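**Q** One structure follows; several queries about it will come next.
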Amino acid sequence: MSPSTRKVLITGCSDGGLGAALAFAFHEAGLEVYATARDPSKTLEVASQGIKTLCLDVQSNSSIAKCVGDIPELDILVNNTGGGYVKQAFLPLLLKSKGMIVNHTSLASLCTVPLQSAYNAYKAAMASFSDSERLELKPFGGSIYKEAEEVVGRTIRGAVYEGSGMPSQQWAKEVVMDILKSSSPTIWRGAQAWIVRIGRMLPFGALDSTVKKFTGLDEVERIVEKPNI
(Lines give C-alpha, C1' and ligand atoms only; values in the text may rest on other atoms or scores of the structure.)
Protein backbone atom coordinates (compact mmCIF):
# COMPACT_ATOMS: atom_id res chain seq x y z
CA MET A 1 0.00 0.00 0.00
CA SER A 2 1.33 3.45 -0.88
CA PRO A 3 1.21 6.27 1.70
CA SER A 4 -1.49 7.97 -0.39
CA THR A 5 -3.83 4.96 -0.33
CA ARG A 6 -7.09 5.89 1.34
CA LYS A 7 -7.89 3.99 4.50
CA VAL A 8 -11.36 2.86 5.61
CA LEU A 9 -12.51 1.31 8.88
CA ILE A 10 -15.73 -0.70 8.95
CA THR A 11 -17.49 -1.92 12.07
CA GLY A 12 -19.42 -5.20 12.26
CA CYS A 13 -17.48 -7.23 9.67
CA SER A 14 -18.28 -10.78 10.72
CA ASP A 15 -18.07 -13.22 7.80
CA GLY A 16 -21.22 -13.45 5.72
CA GLY A 17 -22.64 -10.07 6.73
CA LEU A 18 -23.01 -6.75 4.93
CA GLY A 19 -19.99 -5.35 6.76
CA ALA A 20 -17.85 -8.13 5.31
CA ALA A 21 -19.28 -7.48 1.86
CA LEU A 22 -18.34 -3.82 2.19
CA ALA A 23 -14.84 -4.81 3.28
CA PHE A 24 -14.42 -6.92 0.14
CA ALA A 25 -15.77 -4.14 -2.10
CA PHE A 26 -13.53 -1.43 -0.63
CA HIS A 27 -10.55 -3.80 -0.87
CA GLU A 28 -11.29 -4.47 -4.53
CA ALA A 29 -11.57 -0.70 -5.09
CA GLY A 30 -7.97 -0.33 -3.92
CA LEU A 31 -8.45 1.07 -0.42
CA GLU A 32 -6.65 -0.15 2.68
CA VAL A 33 -9.37 -1.72 4.79
CA TYR A 34 -9.59 -2.18 8.57
CA ALA A 35 -12.38 -4.72 9.07
CA THR A 36 -13.45 -4.85 12.71
CA ALA A 37 -15.64 -7.18 14.74
CA ARG A 38 -16.24 -7.95 18.40
CA ASP A 39 -14.94 -11.47 17.81
CA PRO A 40 -12.02 -11.57 15.30
CA SER A 41 -12.41 -15.35 14.98
CA LYS A 42 -15.56 -14.60 12.97
CA THR A 43 -13.61 -12.63 10.34
CA LEU A 44 -11.44 -15.47 9.00
CA GLU A 45 -12.92 -15.26 5.49
CA VAL A 46 -12.31 -11.51 5.42
CA ALA A 47 -8.73 -11.95 6.63
CA SER A 48 -8.09 -14.64 4.00
CA GLN A 49 -8.45 -11.97 1.32
CA GLY A 50 -5.53 -9.98 2.72
CA ILE A 51 -7.74 -7.54 4.60
CA LYS A 52 -6.52 -6.37 8.00
CA THR A 53 -8.92 -7.39 10.77
CA LEU A 54 -9.10 -5.84 14.22
CA CYS A 55 -11.03 -6.47 17.41
CA LEU A 56 -13.59 -3.77 18.16
CA ASP A 57 -16.47 -4.04 20.60
CA VAL A 58 -18.43 -0.82 20.06
CA GLN A 59 -20.00 -1.19 23.51
CA SER A 60 -16.63 -1.19 25.27
CA ASN A 61 -14.75 2.07 25.84
CA SER A 62 -11.46 0.22 26.38
CA SER A 63 -11.91 -1.75 23.15
CA ILE A 64 -12.66 1.45 21.24
CA ALA A 65 -9.61 3.17 22.72
CA LYS A 66 -7.33 0.27 21.79
CA CYS A 67 -8.65 0.15 18.23
CA VAL A 68 -8.19 3.91 17.81
CA GLY A 69 -4.60 3.49 19.00
CA ASP A 70 -4.00 0.82 16.35
CA ILE A 71 -5.14 3.09 13.50
CA PRO A 72 -2.50 5.68 12.50
CA GLU A 73 -4.59 7.28 9.73
CA LEU A 74 -8.21 7.12 8.60
CA ASP A 75 -10.10 8.58 5.65
CA ILE A 76 -13.48 6.84 5.83
CA LEU A 77 -15.38 5.43 8.80
CA VAL A 78 -18.32 3.14 8.02
CA ASN A 79 -20.64 2.77 11.00
CA ASN A 80 -22.13 -0.53 9.91
CA THR A 81 -23.03 -1.24 13.53
CA GLY A 82 -22.73 0.58 16.83
CA GLY A 83 -23.46 3.99 18.28
CA GLY A 84 -22.40 7.56 17.79
CA TYR A 85 -19.63 7.44 20.36
CA VAL A 86 -17.59 5.35 17.94
CA LYS A 87 -17.39 8.16 15.39
CA GLN A 88 -16.46 10.60 18.18
CA ALA A 89 -13.52 8.40 19.09
CA PHE A 90 -12.24 8.32 15.51
CA LEU A 91 -13.09 11.95 14.77
CA PRO A 92 -9.54 13.34 15.27
CA LEU A 93 -8.21 11.01 12.57
CA LEU A 94 -11.05 11.90 10.22
CA LEU A 95 -10.54 15.63 10.78
CA LYS A 96 -6.86 15.23 10.01
CA SER A 97 -7.55 13.42 6.74
CA LYS A 98 -10.65 15.50 5.89
CA GLY A 99 -12.40 12.17 5.54
CA MET A 100 -16.01 11.06 5.78
CA ILE A 101 -18.38 9.15 8.05
CA VAL A 102 -20.76 6.63 6.52
CA ASN A 103 -23.65 5.57 8.74
CA HIS A 104 -25.18 2.32 7.54
CA THR A 105 -28.84 2.71 8.40
CA SER A 106 -31.71 1.03 6.58
CA LEU A 107 -34.77 1.68 4.48
CA ALA A 108 -36.57 1.25 7.79
CA SER A 109 -35.19 4.62 8.88
CA LEU A 110 -37.26 6.33 6.15
CA CYS A 111 -40.06 3.90 5.35
CA THR A 112 -42.41 2.38 7.89
CA VAL A 113 -41.77 -1.37 8.15
CA PRO A 114 -44.25 -3.00 10.53
CA LEU A 115 -43.46 -5.82 12.97
CA GLN A 116 -39.82 -4.87 13.55
CA SER A 117 -40.14 -1.87 15.82
CA ALA A 118 -36.95 -2.40 17.79
CA TYR A 119 -34.87 -2.56 14.59
CA ASN A 120 -36.45 0.61 13.26
CA ALA A 121 -35.73 2.35 16.53
CA TYR A 122 -32.09 1.30 16.40
CA LYS A 123 -31.76 2.66 12.89
CA ALA A 124 -33.74 5.86 13.15
CA ALA A 125 -34.38 6.45 16.86
CA MET A 126 -37.75 7.08 18.38
CA ALA A 127 -39.34 8.82 15.39
CA SER A 128 -39.18 5.65 13.31
CA PHE A 129 -40.26 3.55 16.27
CA SER A 130 -43.37 5.66 16.77
CA ASP A 131 -44.22 5.60 13.07
CA SER A 132 -43.85 1.83 12.93
CA GLU A 133 -46.12 1.39 15.91
CA ARG A 134 -48.74 3.52 14.12
CA LEU A 135 -49.18 0.75 11.53
CA GLU A 136 -48.45 -2.26 13.72
CA LEU A 137 -51.09 -1.57 16.32
CA LYS A 138 -53.82 0.02 14.20
CA PRO A 139 -55.68 -3.23 13.36
CA PHE A 140 -55.79 -4.24 17.02
CA GLY A 141 -56.52 -1.04 18.85
CA GLY A 142 -53.37 -1.79 20.81
CA SER A 143 -54.11 -5.45 21.57
CA ILE A 144 -51.81 -8.41 20.99
CA TYR A 145 -51.32 -10.36 17.74
CA LYS A 146 -52.60 -13.70 19.04
CA GLU A 147 -55.26 -14.22 16.37
CA ALA A 148 -52.76 -13.62 13.57
CA GLU A 149 -49.80 -15.27 15.25
CA GLU A 150 -48.87 -17.42 12.26
CA VAL A 151 -48.78 -14.51 9.80
CA VAL A 152 -46.91 -12.24 12.20
CA GLY A 153 -44.42 -15.03 12.85
CA ARG A 154 -43.58 -15.28 9.14
CA THR A 155 -42.68 -11.59 9.05
CA ILE A 156 -40.68 -11.65 12.27
CA ARG A 157 -38.69 -14.65 11.01
CA GLY A 158 -37.99 -12.77 7.78
CA ALA A 159 -39.75 -15.36 5.61
CA VAL A 160 -41.71 -12.68 3.72
CA TYR A 161 -38.46 -11.05 2.58
CA GLU A 162 -36.82 -14.19 1.16
CA GLY A 163 -35.88 -13.82 -2.48
CA SER A 164 -36.72 -10.11 -2.60
CA GLY A 165 -33.36 -8.65 -1.69
CA MET A 166 -30.21 -7.79 -3.62
CA PRO A 167 -27.14 -10.08 -3.33
CA SER A 168 -24.83 -8.65 -0.66
CA GLN A 169 -21.82 -8.58 -3.00
CA GLN A 170 -23.72 -6.55 -5.60
CA TRP A 171 -25.12 -4.23 -2.91
CA ALA A 172 -21.68 -3.63 -1.40
CA LYS A 173 -20.05 -2.97 -4.78
CA GLU A 174 -22.67 -0.37 -5.70
CA VAL A 175 -22.53 1.28 -2.26
CA VAL A 176 -18.74 1.57 -2.38
CA MET A 177 -18.95 3.00 -5.92
CA ASP A 178 -21.35 5.67 -4.67
CA ILE A 179 -19.26 6.47 -1.61
CA LEU A 180 -16.11 6.94 -3.66
CA LYS A 181 -17.65 8.82 -6.61
CA SER A 182 -20.85 10.52 -5.45
CA SER A 183 -21.27 13.78 -3.55
CA SER A 184 -24.80 12.90 -2.48
CA PRO A 185 -25.30 12.78 1.31
CA THR A 186 -27.68 9.82 0.94
CA ILE A 187 -27.00 6.56 -0.88
CA TRP A 188 -29.90 4.58 -2.33
CA ARG A 189 -29.00 0.96 -2.97
CA GLY A 190 -30.98 -2.23 -2.48
CA ALA A 191 -33.80 -4.05 -4.25
CA GLN A 192 -36.56 -1.91 -2.73
CA ALA A 193 -34.63 1.36 -2.35
CA TRP A 194 -36.33 3.04 -5.32
CA ILE A 195 -39.76 2.55 -3.76
CA VAL A 196 -38.75 4.34 -0.57
CA ARG A 197 -36.93 7.06 -2.51
CA ILE A 198 -40.13 7.84 -4.40
CA GLY A 199 -42.19 7.45 -1.24
CA ARG A 200 -40.29 10.25 0.47
CA MET A 201 -41.83 12.69 -2.01
CA LEU A 202 -45.37 11.43 -1.44
CA PRO A 203 -47.79 12.49 1.32
CA PHE A 204 -47.34 10.91 4.74
CA GLY A 205 -48.70 7.37 4.77
CA ALA A 206 -48.90 7.06 0.99
CA LEU A 207 -46.90 3.83 1.04
CA ASP A 208 -48.94 2.22 3.82
CA SER A 209 -50.86 -0.15 1.55
CA THR A 210 -47.70 -1.21 -0.29
CA VAL A 211 -45.82 -1.86 2.93
CA LYS A 212 -48.75 -3.72 4.48
CA LYS A 213 -48.93 -6.06 1.49
CA PHE A 214 -45.16 -6.60 1.44
CA THR A 215 -44.95 -7.44 5.15
CA GLY A 216 -48.19 -9.37 5.40
CA LEU A 217 -49.90 -6.82 7.61
CA ASP A 218 -52.83 -6.65 5.19
CA GLU A 219 -53.49 -10.32 5.93
CA VAL A 220 -53.15 -9.66 9.64
CA GLU A 221 -55.78 -6.91 9.39
CA ARG A 222 -58.21 -9.23 7.59
CA ILE A 223 -57.80 -11.88 10.29
CA VAL A 224 -58.25 -9.46 13.16
CA GLU A 225 -61.18 -7.60 11.62
CA LYS A 226 -63.03 -10.77 10.56
CA PRO A 227 -66.24 -10.98 12.63
CA ASN A 228 -66.51 -13.86 15.06
CA ILE A 229 -69.31 -16.26 14.09
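Chains: A, B, ... in order of the C-alpha coordinates. Residues: from 1 per chain. Ligands: from 1, in order shown.
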Asp15 of chain A: which residues within 9 Å, counting only C-alpha atoms, same-chain residues fewer than 4 positions away excluded, as a list in words?
**A**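 Everything that qualifies: Gly19, Ala20, Ala21, Lys42, Thr43, Leu44, Glu45 and Val46 of chain A.
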**Q** Which one is closest to Arg6 of chain A: A:Lys98, A:Ala37, A:Phe90, A:Thr81? Count only C-alpha atoms.
**A**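 Nearest candidate to Arg6 of chain A out of A:Lys98, A:Ala37, A:Phe90, A:Thr81: A:Lys98.
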**Q** Env of Arg154 of chain A: 12 Å cut, atoms = only C-alpha atoms, seq-sep filter 3 positions within chain, self excluded. Answer as a list of chain:residue names.
**A**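 The neighbour list is A:Leu115, A:Gln116, A:Ala148, A:Glu149, A:Glu150, A:Val151, A:Arg157, A:Gly158, A:Ala159, A:Val160, A:Tyr161, A:Glu162, A:Phe214, A:Thr215, A:Gly216, A:Leu217, A:Glu219, A:Val220.
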**Q** Could those selected residues go to a file with N, CA and C atoms, as an mmCIF file, in the first residue's frame?
**A**
```cif
data_model
loop_
_atom_site.group_PDB
_atom_site.id
_atom_site.type_symbol
_atom_site.label_atom_id
_atom_site.label_comp_id
_atom_site.auth_asym_id
_atom_site.auth_seq_id
_atom_site.Cartn_x
_atom_site.Cartn_y
_atom_site.Cartn_z
ATOM 1 N N LEU A 115 -43.858 -4.567 12.321
ATOM 2 C CA LEU A 115 -43.465 -5.819 12.974
ATOM 3 C C LEU A 115 -41.968 -5.948 13.208
ATOM 4 N N GLN A 116 -41.228 -4.843 13.196
ATOM 5 C CA GLN A 116 -39.818 -4.871 13.550
ATOM 6 C C GLN A 116 -39.451 -3.549 14.215
ATOM 7 N N ALA A 148 -53.516 -13.562 14.831
ATOM 8 C CA ALA A 148 -52.760 -13.615 13.573
ATOM 9 C C ALA A 148 -51.319 -14.052 13.827
ATOM 10 N N GLU A 149 -51.146 -14.891 14.825
ATOM 11 C CA GLU A 149 -49.802 -15.272 15.252
ATOM 12 C C GLU A 149 -48.985 -15.901 14.129
ATOM 13 N N GLU A 150 -49.601 -16.738 13.323
ATOM 14 C CA GLU A 150 -48.869 -17.424 12.256
ATOM 15 C C GLU A 150 -48.350 -16.437 11.210
ATOM 16 N N VAL A 151 -49.181 -15.493 10.814
ATOM 17 C CA VAL A 151 -48.784 -14.509 9.800
ATOM 18 C C VAL A 151 -47.699 -13.591 10.353
ATOM 19 N N ARG A 157 -39.779 -13.736 11.398
ATOM 20 C CA ARG A 157 -38.688 -14.650 11.011
ATOM 21 C C ARG A 157 -38.013 -14.217 9.713
ATOM 22 N N GLY A 158 -38.582 -13.250 9.024
ATOM 23 C CA GLY A 158 -37.995 -12.766 7.776
ATOM 24 C C GLY A 158 -38.395 -13.563 6.560
ATOM 25 N N ALA A 159 -39.352 -14.508 6.728
ATOM 26 C CA ALA A 159 -39.748 -15.357 5.605
ATOM 27 C C ALA A 159 -40.356 -14.557 4.460
ATOM 28 N N VAL A 160 -41.052 -13.470 4.778
ATOM 29 C CA VAL A 160 -41.712 -12.681 3.721
ATOM 30 C C VAL A 160 -40.706 -11.934 2.855
ATOM 31 N N TYR A 161 -39.459 -11.801 3.338
ATOM 32 C CA TYR A 161 -38.463 -11.052 2.578
ATOM 33 C C TYR A 161 -37.583 -11.951 1.712
ATOM 34 N N GLU A 162 -37.699 -13.271 1.884
ATOM 35 C CA GLU A 162 -36.823 -14.187 1.158
ATOM 36 C C GLU A 162 -36.990 -14.041 -0.352
ATOM 37 N N PHE A 214 -46.501 -6.017 1.474
ATOM 38 C CA PHE A 214 -45.161 -6.600 1.438
ATOM 39 C C PHE A 214 -44.844 -7.355 2.716
ATOM 40 N N THR A 215 -45.278 -6.833 3.849
ATOM 41 C CA THR A 215 -44.950 -7.439 5.145
ATOM 42 C C THR A 215 -46.005 -8.402 5.655
ATOM 43 N N GLY A 216 -47.133 -8.477 4.960
ATOM 44 C CA GLY A 216 -48.189 -9.368 5.399
ATOM 45 C C GLY A 216 -49.162 -8.744 6.374
ATOM 46 N N LEU A 217 -49.010 -7.460 6.649
ATOM 47 C CA LEU A 217 -49.899 -6.818 7.615
ATOM 48 C C LEU A 217 -51.323 -6.712 7.079
ATOM 49 N N GLU A 219 -52.880 -9.051 5.541
ATOM 50 C CA GLU A 219 -53.493 -10.320 5.925
ATOM 51 C C GLU A 219 -53.815 -10.334 7.415
ATOM 52 N N VAL A 220 -52.916 -9.751 8.204
ATOM 53 C CA VAL A 220 -53.153 -9.658 9.643
ATOM 54 C C VAL A 220 -54.426 -8.856 9.909
#
```
